[in-house]
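> Okay, so here is coords09.txt, and as you'll see once you scroll down, it has compact mmCIF, C-alpha atoms.
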```
# COMPACT_ATOMS: atom_id res chain seq x y z
CA MET A 1 49.66 38.56 75.05
CA LYS A 2 47.82 39.98 72.02
CA LYS A 3 50.41 38.46 69.67
CA LEU A 4 50.11 35.11 71.45
CA ALA A 5 46.30 35.17 71.24
CA TYR A 6 46.45 36.05 67.56
CA GLY A 7 48.90 33.22 66.95
CA LEU A 8 46.65 30.72 68.70
CA VAL A 9 43.63 31.84 66.66
CA ALA A 10 45.62 31.63 63.42
CA ALA A 11 46.92 28.18 64.35
CA ALA A 12 43.41 27.00 65.18
CA THR A 13 42.14 28.30 61.85
CA VAL A 14 44.88 26.50 59.92
CA ALA A 15 44.17 23.34 61.92
CA ASN A 16 40.48 23.53 61.07
CA ILE A 17 41.25 23.96 57.38
CA SER A 18 43.78 21.14 57.33
CA VAL A 19 41.27 18.78 58.90
CA ALA A 20 39.33 19.12 55.66
CA SER A 21 42.04 17.10 53.94
CA ALA A 22 40.43 14.04 55.54
CA ARG A 23 37.45 14.66 53.22
CA GLU A 24 38.09 13.77 49.59
CA THR A 25 34.63 14.58 48.24
CA ILE A 26 33.56 18.15 47.46
CA SER A 27 30.49 19.20 49.46
CA VAL A 28 27.94 21.38 47.63
CA VAL A 29 24.72 22.71 49.22
CA GLY A 30 22.15 25.37 48.37
CA SER A 31 19.46 26.29 45.86
CA SER A 32 16.94 23.72 44.66
CA THR A 33 16.86 25.59 41.33
CA VAL A 34 20.62 25.32 40.76
CA TYR A 35 20.67 21.77 42.18
CA PRO A 36 19.90 19.94 38.89
CA PHE A 37 22.54 21.97 37.03
CA ALA A 38 25.16 21.35 39.71
CA THR A 39 24.26 17.66 39.80
CA VAL A 40 24.82 17.25 36.06
CA VAL A 41 28.20 19.03 36.27
CA ALA A 42 29.16 16.89 39.29
CA GLU A 43 28.28 13.64 37.53
CA ARG A 44 30.23 14.57 34.39
CA PHE A 45 33.14 15.80 36.50
CA GLY A 46 33.32 12.51 38.39
CA LYS A 47 33.38 10.51 35.15
CA SER A 48 35.81 12.69 33.22
CA SER A 49 38.40 13.54 35.90
CA ASP A 50 40.52 11.77 38.48
CA PHE A 51 38.43 13.30 41.29
CA LYS A 52 35.35 11.91 42.99
CA ALA A 53 31.97 13.30 41.92
CA PRO A 54 30.97 16.12 44.32
CA LYS A 55 28.13 15.49 46.75
CA VAL A 56 25.33 17.95 45.92
CA GLU A 57 22.48 18.63 48.37
CA SER A 58 19.36 20.77 47.95
CA THR A 59 18.95 22.93 51.06
CA GLY A 60 17.56 26.15 49.57
CA SER A 61 19.58 29.29 48.91
CA GLY A 62 19.20 30.72 52.40
CA GLY A 63 19.84 27.38 54.07
CA GLY A 64 22.90 26.79 51.91
CA LEU A 65 24.43 30.18 52.66
CA LYS A 66 23.80 29.66 56.36
CA LEU A 67 25.75 26.38 56.25
CA PHE A 68 28.44 27.86 54.00
CA CYS A 69 29.04 30.81 56.30
CA LYS A 70 29.40 28.77 59.49
CA GLY A 71 33.15 28.50 59.02
CA VAL A 72 36.03 26.62 57.42
CA GLY A 73 36.99 22.99 57.95
CA GLU A 74 35.73 19.50 57.16
CA ALA A 75 32.34 19.97 58.81
CA ASN A 76 31.43 22.87 56.53
CA PRO A 77 30.50 22.81 52.81
CA ASP A 78 32.94 23.97 50.16
CA ILE A 79 30.42 25.44 47.72
CA THR A 80 26.88 26.75 47.95
CA ASN A 81 24.44 27.35 45.09
CA ALA A 82 22.04 30.29 45.16
CA SER A 83 19.13 31.47 43.04
CA ARG A 84 19.77 35.03 44.23
CA ARG A 85 22.87 37.02 45.08
CA ILE A 86 24.34 36.69 48.57
CA LYS A 87 22.90 39.31 50.96
CA SER A 88 25.17 41.78 52.71
CA SER A 89 24.07 40.33 56.07
CA GLU A 90 25.10 36.84 54.90
CA PHE A 91 28.42 38.13 53.60
CA GLU A 92 29.10 39.80 56.95
CA LYS A 93 28.21 36.57 58.78
CA CYS A 94 30.74 34.73 56.59
CA GLN A 95 33.43 37.30 57.38
CA LYS A 96 32.69 37.10 61.10
CA ASN A 97 33.03 33.31 61.04
CA GLY A 98 36.36 33.31 59.20
CA VAL A 99 35.00 32.66 55.71
CA THR A 100 36.81 35.73 54.46
CA ASP A 101 37.72 34.80 50.88
CA ILE A 102 34.73 33.93 48.70
CA ILE A 103 34.54 33.44 44.94
CA GLU A 104 31.23 34.44 43.35
CA VAL A 105 30.21 32.81 40.06
CA LEU A 106 27.20 33.97 38.00
CA ILE A 107 26.26 30.99 35.82
CA GLY A 108 23.18 32.26 33.98
CA TYR A 109 19.52 33.15 34.42
CA ASP A 110 16.25 31.43 35.23
CA GLY A 111 12.60 32.39 35.04
CA ILE A 112 10.22 31.72 37.90
CA VAL A 113 7.01 30.15 36.66
CA LEU A 114 3.53 29.79 38.09
CA ALA A 115 2.43 26.51 36.54
CA ASN A 116 -0.46 24.09 36.57
CA ALA A 117 -1.09 20.60 35.26
CA LYS A 118 -1.27 19.92 31.54
CA GLY A 119 -4.94 19.47 30.67
CA ALA A 120 -6.11 22.08 33.19
CA ALA A 121 -7.21 25.47 31.86
CA PRO A 122 -4.12 27.64 31.22
CA MET A 123 -3.89 30.76 33.41
CA GLU A 124 -3.24 34.28 32.16
CA LEU A 125 -2.31 36.51 35.06
CA SER A 126 -0.86 39.93 35.73
CA ARG A 127 1.61 40.58 38.53
CA LYS A 128 -1.17 42.61 40.16
CA ASP A 129 -3.38 39.49 40.11
CA ILE A 130 -0.59 37.49 41.78
CA TYR A 131 -0.16 40.15 44.47
CA LEU A 132 -3.89 40.29 45.20
CA ALA A 133 -4.04 36.49 45.36
CA LEU A 134 -1.02 35.73 47.53
CA ALA A 135 -0.02 38.81 49.56
CA LYS A 136 -0.74 38.83 53.27
CA MET A 137 -2.28 42.32 53.14
CA VAL A 138 -4.10 43.91 50.22
CA PRO A 139 -6.08 47.16 49.82
CA GLY A 140 -9.72 46.94 50.91
CA PRO A 141 -12.66 48.89 49.42
CA ASP A 142 -11.50 52.11 51.12
CA GLY A 143 -7.88 51.67 49.99
CA LYS A 144 -6.58 50.68 53.42
CA LEU A 145 -4.64 47.42 53.77
CA ILE A 146 -6.60 44.50 55.20
CA ASP A 147 -5.96 40.78 55.69
CA ASN A 148 -6.27 39.18 52.26
CA PRO A 149 -9.96 38.22 51.87
CA ASN A 150 -9.69 36.68 48.38
CA LYS A 151 -10.67 33.02 48.27
CA THR A 152 -10.89 32.39 44.52
CA TRP A 153 -9.10 33.73 41.46
CA LYS A 154 -12.38 35.35 40.42
CA ASP A 155 -12.31 37.38 43.66
CA VAL A 156 -8.97 38.75 42.46
CA ASN A 157 -10.04 39.50 38.89
CA ALA A 158 -13.54 39.00 37.45
CA ALA A 159 -11.99 37.68 34.22
CA LEU A 160 -10.38 34.73 36.05
CA PRO A 161 -12.07 31.42 36.94
CA ALA A 162 -13.93 30.89 40.22
CA THR A 163 -11.28 28.38 41.28
CA LYS A 164 -9.98 28.26 44.85
CA ILE A 165 -6.61 30.01 45.26
CA GLU A 166 -4.25 27.15 46.03
CA VAL A 167 -0.57 27.73 45.28
CA LEU A 168 2.24 25.33 46.16
CA GLY A 169 5.55 27.07 46.67
CA PRO A 170 8.93 27.02 48.39
CA PRO A 171 9.62 28.01 52.03
CA PRO A 172 11.24 31.24 53.27
CA THR A 173 14.74 29.69 53.08
CA SER A 174 14.41 29.43 49.30
CA GLY A 175 15.95 31.88 46.85
CA THR A 176 13.02 31.12 44.54
CA ARG A 177 10.65 32.32 47.26
CA ASP A 178 12.72 35.50 47.78
CA ALA A 179 12.83 36.25 44.06
CA PHE A 180 9.15 35.47 43.53
CA ALA A 181 8.19 37.76 46.42
CA GLU A 182 10.31 40.58 45.01
CA LEU A 183 9.54 40.23 41.31
CA ALA A 184 5.95 38.97 41.25
CA LEU A 185 4.36 40.01 44.55
CA GLU A 186 6.04 43.36 45.07
CA GLY A 187 5.99 43.91 41.30
CA GLY A 188 2.21 43.50 41.46
CA ALA A 189 1.86 45.69 44.56
CA ARG A 190 3.54 48.53 42.66
CA LYS A 191 0.61 48.48 40.23
CA ILE A 192 -1.49 49.94 43.06
CA GLU A 193 -1.28 53.74 42.65
CA ALA A 194 -0.78 54.65 46.32
CA ILE A 195 1.86 51.95 46.79
CA ALA A 196 3.69 53.04 43.63
CA LYS A 197 3.76 56.65 44.88
CA LEU A 198 4.97 55.57 48.32
CA ARG A 199 7.86 53.60 46.81
CA LYS A 200 9.29 56.72 45.14
CA LEU A 201 9.48 58.78 48.35
CA LYS A 202 12.90 59.43 49.90
CA ALA A 203 13.84 59.53 53.58
CA ASP A 204 13.64 63.36 53.68
CA GLN A 205 10.01 63.33 52.46
CA GLY A 206 8.59 62.39 55.86
CA ASP A 207 5.32 64.31 55.56
CA GLU A 208 4.47 62.71 52.20
CA ILE A 209 5.37 59.25 53.53
CA ALA A 210 3.19 59.80 56.61
CA ALA A 211 0.24 60.84 54.45
CA LEU A 212 0.45 57.80 52.17
CA VAL A 213 1.08 55.46 55.11
CA LYS A 214 -2.13 56.80 56.66
CA THR A 215 -4.02 56.40 53.37
CA LEU A 216 -2.92 52.76 53.19
CA GLY A 217 -3.29 52.07 56.88
CA ALA A 218 0.31 50.85 56.82
CA GLU A 219 1.46 52.31 60.14
CA ALA A 220 2.77 48.92 61.36
CA ALA A 221 4.89 48.46 58.23
CA TRP A 222 6.27 52.01 58.55
CA ALA A 223 7.10 51.42 62.24
CA ALA A 224 8.96 48.23 61.27
CA ALA A 225 10.89 50.09 58.55
CA VAL A 226 11.87 52.87 60.98
CA LYS A 227 12.95 50.32 63.60
CA LYS A 228 15.26 48.72 61.05
CA LYS A 229 16.54 51.77 59.16
CA GLY A 230 16.01 54.67 61.57
CA GLU A 231 16.17 58.10 59.92
CA LYS A 232 17.21 56.45 56.65
CA ALA A 233 13.83 54.70 56.28
CA LYS A 234 12.07 55.59 53.04
CA GLY A 235 8.93 54.68 51.15
CA LYS A 236 10.66 51.81 49.36
CA ASP A 237 11.32 50.09 52.71
CA VAL A 238 7.61 50.13 53.55
CA VAL A 239 6.68 48.78 50.12
CA LYS A 240 9.09 45.85 50.58
CA ILE A 241 7.19 44.84 53.71
CA ILE A 242 3.77 45.38 52.14
CA GLY A 243 4.60 43.73 48.86
CA ARG A 244 6.70 40.74 49.89
CA SER A 245 4.72 39.36 52.85
CA VAL A 246 3.01 36.10 51.83
CA ARG A 247 -0.37 35.16 53.24
CA GLU A 248 -0.43 32.38 55.85
CA ASP A 249 -4.07 31.28 55.79
CA GLY A 250 -3.68 28.21 53.59
CA ALA A 251 -3.91 29.76 50.12
CA TYR A 252 -0.11 29.56 49.85
CA ILE A 253 1.13 26.09 50.76
CA GLU A 254 4.81 25.62 51.64
CA ALA A 255 5.87 22.51 49.73
CA GLY A 256 9.54 22.27 50.70
CA GLU A 257 12.68 22.61 48.60
CA ASN A 258 11.91 19.68 46.26
CA ASP A 259 10.56 21.19 43.03
CA ASN A 260 9.95 17.74 41.55
CA LEU A 261 7.55 17.10 44.42
CA ILE A 262 5.60 20.26 43.50
CA VAL A 263 5.36 19.06 39.89
CA ASN A 264 3.95 15.71 41.08
CA LYS A 265 1.44 17.43 43.36
CA LEU A 266 0.21 19.60 40.49
CA VAL A 267 -0.40 16.50 38.40
CA ALA A 268 -2.43 15.06 41.30
CA ASN A 269 -4.37 18.30 41.81
CA PRO A 270 -5.22 20.11 38.53
CA SER A 271 -6.87 22.97 40.45
CA ALA A 272 -3.61 24.01 42.09
CA LEU A 273 -0.75 26.16 40.83
CA GLY A 274 2.92 25.74 41.71
CA ILE A 275 5.97 28.00 41.84
CA PHE A 276 9.38 26.80 40.59
CA GLY A 277 12.18 27.60 38.17
CA PHE A 278 11.85 27.49 34.38
CA SER A 279 14.22 24.54 34.14
CA PHE A 280 11.66 22.33 35.93
CA LEU A 281 8.96 23.49 33.54
CA ASP A 282 11.26 22.77 30.62
CA GLN A 283 12.10 19.28 31.90
CA ASN A 284 8.46 18.46 32.75
CA SER A 285 6.67 20.05 29.80
CA ASP A 286 4.70 16.82 29.30
CA LYS A 287 3.17 17.23 32.78
CA VAL A 288 2.84 20.97 33.50
CA GLN A 289 2.34 24.28 31.68
CA GLY A 290 3.48 27.77 32.63
CA SER A 291 1.03 30.61 33.16
CA VAL A 292 1.19 33.68 30.96
CA ILE A 293 2.24 36.63 33.15
CA ASP A 294 1.68 40.21 32.00
CA GLY A 295 0.98 38.91 28.50
CA GLN A 296 4.17 36.88 28.20
CA ALA A 297 4.57 33.10 28.37
CA PRO A 298 7.67 31.76 30.17
CA THR A 299 9.82 30.68 27.24
CA PHE A 300 13.59 30.41 26.83
CA ASP A 301 13.69 33.35 24.38
CA ALA A 302 11.40 35.55 26.50
CA ILE A 303 13.53 35.06 29.61
CA ALA A 304 16.83 35.51 27.74
CA GLY A 305 15.51 38.69 26.09
CA GLY A 306 14.15 40.19 29.33
CA ASP A 307 10.54 40.15 28.12
CA TYR A 308 9.41 37.73 30.84
CA LYS A 309 9.54 39.89 33.95
CA VAL A 310 9.67 37.21 36.64
CA SER A 311 13.28 36.10 36.13
CA ARG A 312 16.49 36.16 38.19
CA PRO A 313 20.26 35.39 38.10
CA LEU A 314 21.75 32.10 39.35
CA TYR A 315 25.03 31.83 41.28
CA PHE A 316 27.35 29.57 43.16
CA TYR A 317 29.89 30.57 45.83
CA VAL A 318 33.22 28.87 46.54
CA LYS A 319 35.11 28.88 49.84
CA LYS A 320 38.63 29.83 48.78
CA ALA A 321 40.20 28.48 52.00
CA HIS A 322 39.20 24.94 50.95
CA ILE A 323 40.85 25.12 47.50
CA GLY A 324 43.96 22.96 47.51
CA VAL A 325 42.77 21.22 50.68
CA VAL A 326 39.66 19.37 49.52
CA PRO A 327 40.70 17.78 46.21
CA GLY A 328 39.18 19.03 42.95
CA ILE A 329 37.42 22.26 43.96
CA GLU A 330 39.23 24.50 41.48
CA GLU A 331 38.87 21.90 38.74
CA TYR A 332 35.12 21.56 39.43
CA LEU A 333 34.76 25.35 39.31
CA ASN A 334 36.50 25.45 35.93
CA ALA A 335 34.33 22.60 34.63
CA PHE A 336 31.18 24.50 35.68
CA VAL A 337 32.18 27.78 34.00
CA SER A 338 33.42 26.12 30.80
CA GLU A 339 31.75 26.92 27.49
CA ASP A 340 30.90 23.24 27.20
CA ALA A 341 28.72 23.61 30.30
CA ILE A 342 27.22 27.12 30.31
CA GLY A 343 28.16 28.58 26.94
CA PRO A 344 25.43 29.35 24.35
CA ASP A 345 25.44 25.72 23.21
CA GLY A 346 26.42 24.20 26.55
CA TYR A 347 24.91 21.03 27.92
CA LEU A 348 23.27 22.95 30.82
CA VAL A 349 21.40 25.11 28.29
CA ASP A 350 19.79 21.87 27.10
CA LYS A 351 18.66 21.40 30.72
CA GLY A 352 16.91 24.78 30.83
CA LEU A 353 19.65 27.21 31.92
CA ILE A 354 19.36 30.63 30.26
CA PRO A 355 22.96 31.51 29.26
CA LEU A 356 24.85 34.75 29.87
CA GLY A 357 25.56 37.03 26.93
CA ASP A 358 29.05 36.84 25.40
CA GLU A 359 30.47 39.86 27.24
CA LYS A 360 29.10 38.83 30.66
CA TYR A 361 30.31 35.29 30.14
CA GLU A 362 33.86 36.44 29.36
CA ASP A 363 33.93 38.72 32.42
CA MET A 364 32.55 36.02 34.69
CA SER A 365 34.81 33.28 33.32
CA SER A 366 37.98 35.39 33.67
CA SER A 367 37.08 36.40 37.22
CA ALA A 368 36.22 32.84 38.27
CA LYS A 369 39.36 31.28 36.80
CA ALA A 370 41.48 33.96 38.51
CA LEU A 371 39.80 33.02 41.81
CA LYS A 372 38.94 36.68 42.37
CA ASN A 373 37.57 37.48 45.82
CA LEU A 374 34.02 38.78 46.12
CA GLU A 375 33.70 42.35 47.38
CA LEU A 376 30.35 43.80 48.47
```
What is this structure when it is put down as structure tokens?

Amino acid sequence: MKKLAYGLVAAATVANISVASARETISVVGSSTVYPFATVVAERFGKSSDFKAPKVESTGSGGGLKLFCKGVGEANPDITNASRRIKSSEFEKCQKNGVTDIIEVLIGYDGIVLANAKGAAPMELSRKDIYLALAKMVPGPDGKLIDNPNKTWKDVNAALPATKIEVLGPPPTSGTRDAFAELALEGGARKIEAIAKLRKLKADQGDEIAALVKTLGAEAAWAAAVKKKGEKAKGKDVVKIIGRSVREDGAYIEAGENDNLIVNKLVANPSALGIFGFSFLDQNSDKVQGSVIDGQAPTFDAIAGGDYKVSRPLYFYVKKAHIGVVPGIEEYLNAFVSEDAIGPDGYLVDKGLIPLGDEKYEDMSSSAKALKNLEL
């Protein structure tokens, strides 16, 4: 009976995959940041090959991976873009749903900018300023965490203007939101002495963790960390909760996955700031300007050299089961990883992509062309 059941499952899986042959257009979902790059590759691919141009949709990194991991077959996308690496929980969901063979492709890097309209006063911020402006909980006068009371940038830092804190940004499904929360918000939280100390404490330093949790009034965050990690919970787990939680009182405004829409809203409201990838700043430099963060402007060279601290890697993931079934997937993959596209002088670099170094590019290109399976 077990062999029969296994055979039926295997047959159903093959049937689901073969159904995809009815679809002749590659389906790509995922990150709004990678979307413009993938769109350019898709358009060129459609014009220069015998295959149809892939259909590319912007769903956000989290939304794209959720769709990607649902399963194999015509109803599911072939490729998903991501402005962060796939999480272990997402990878496990893929495996559970039969998406067992996945190809991971690192295409380059991108900076996350906090921009405002050209003509408005440029902003010079630290990551600590960003944390104090946008985090859900911040230290009060006695050092204990309280609901964020800051209404203006001057409340955050006396050197900043008395302008209302109003930041347009992506929703929780966005990889840009995840990366911004980790790099800018948590990065700023770690400038607070007690939070920085807490982050360094290991799971076996329970007394020290308890003391700092009490100092910060972070008992709820510690309880949440323990619920999730049990005896393995450490200071770093508490800091993730403290540092990455975004306020929900109107200062941070979820503006969807359309970064072009955020750019347009900034033009209409010079008092507001917006969060999006460097490529959108680069392509809209006549409309918006990037804020200086920790003394560094978001420039191509600063991001490529690691001097601009709010930057992250960009990926796409390919469903290996669909290769050879949906026409053109492997050819599209090869077009995307070609030197013409993402090499140092590639056409995507002209669109704002920060390229990989020579060694990383060679490793990535060899792995992608060999269709090597991702292992986490």
> List the neighbours of Glu104 (chain A) out to 9 Å using all atoms listed in the file; skip same-chain residues closer than 2 positions along the sequence, and give me the result as a ChimeraX atom specification.
/A:85-86,102,106,315-318,364,367-368,371-374
> List the neighbours of Ile165 (chain A) out to 12 Å using only C-alpha atoms; skip same-chain residues closer than 3 positions along the sequence, and give me the result as a PyMOL selection string.
chain A and resi 129-130+132-135+148-157+160-162+168+247+249-253+271-274
> CA of Thr25 (chain A) and CA of Lys55 (chain A), how far apart in Å?
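Rounded to one decimal, the two atoms are 6.7 Å apart.
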> Which residue, A:Gly217, A:Gly346, A:Pro327, A:Pro270, has the smallest gap to Glu24 (chain A) when you use only C-alpha atoms?
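Counting only C-alpha atoms, the residue closest to Glu24 (chain A) is A:Pro327.
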> Would you mind reading off the distance between CA of Lys191 (chain A) and CA of Ser279 (chain A), one decimal, in Å?
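Separation of CA of Lys191 (chain A) and CA of Ser279 (chain A): 28.2 Å.
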> With all atoms listed in the file as the atoms that count, which of A:Gly343, A:Pro54, A:Gly206, A:Gly230 lies nearest to Asp358 (chain A)?
A:Gly343
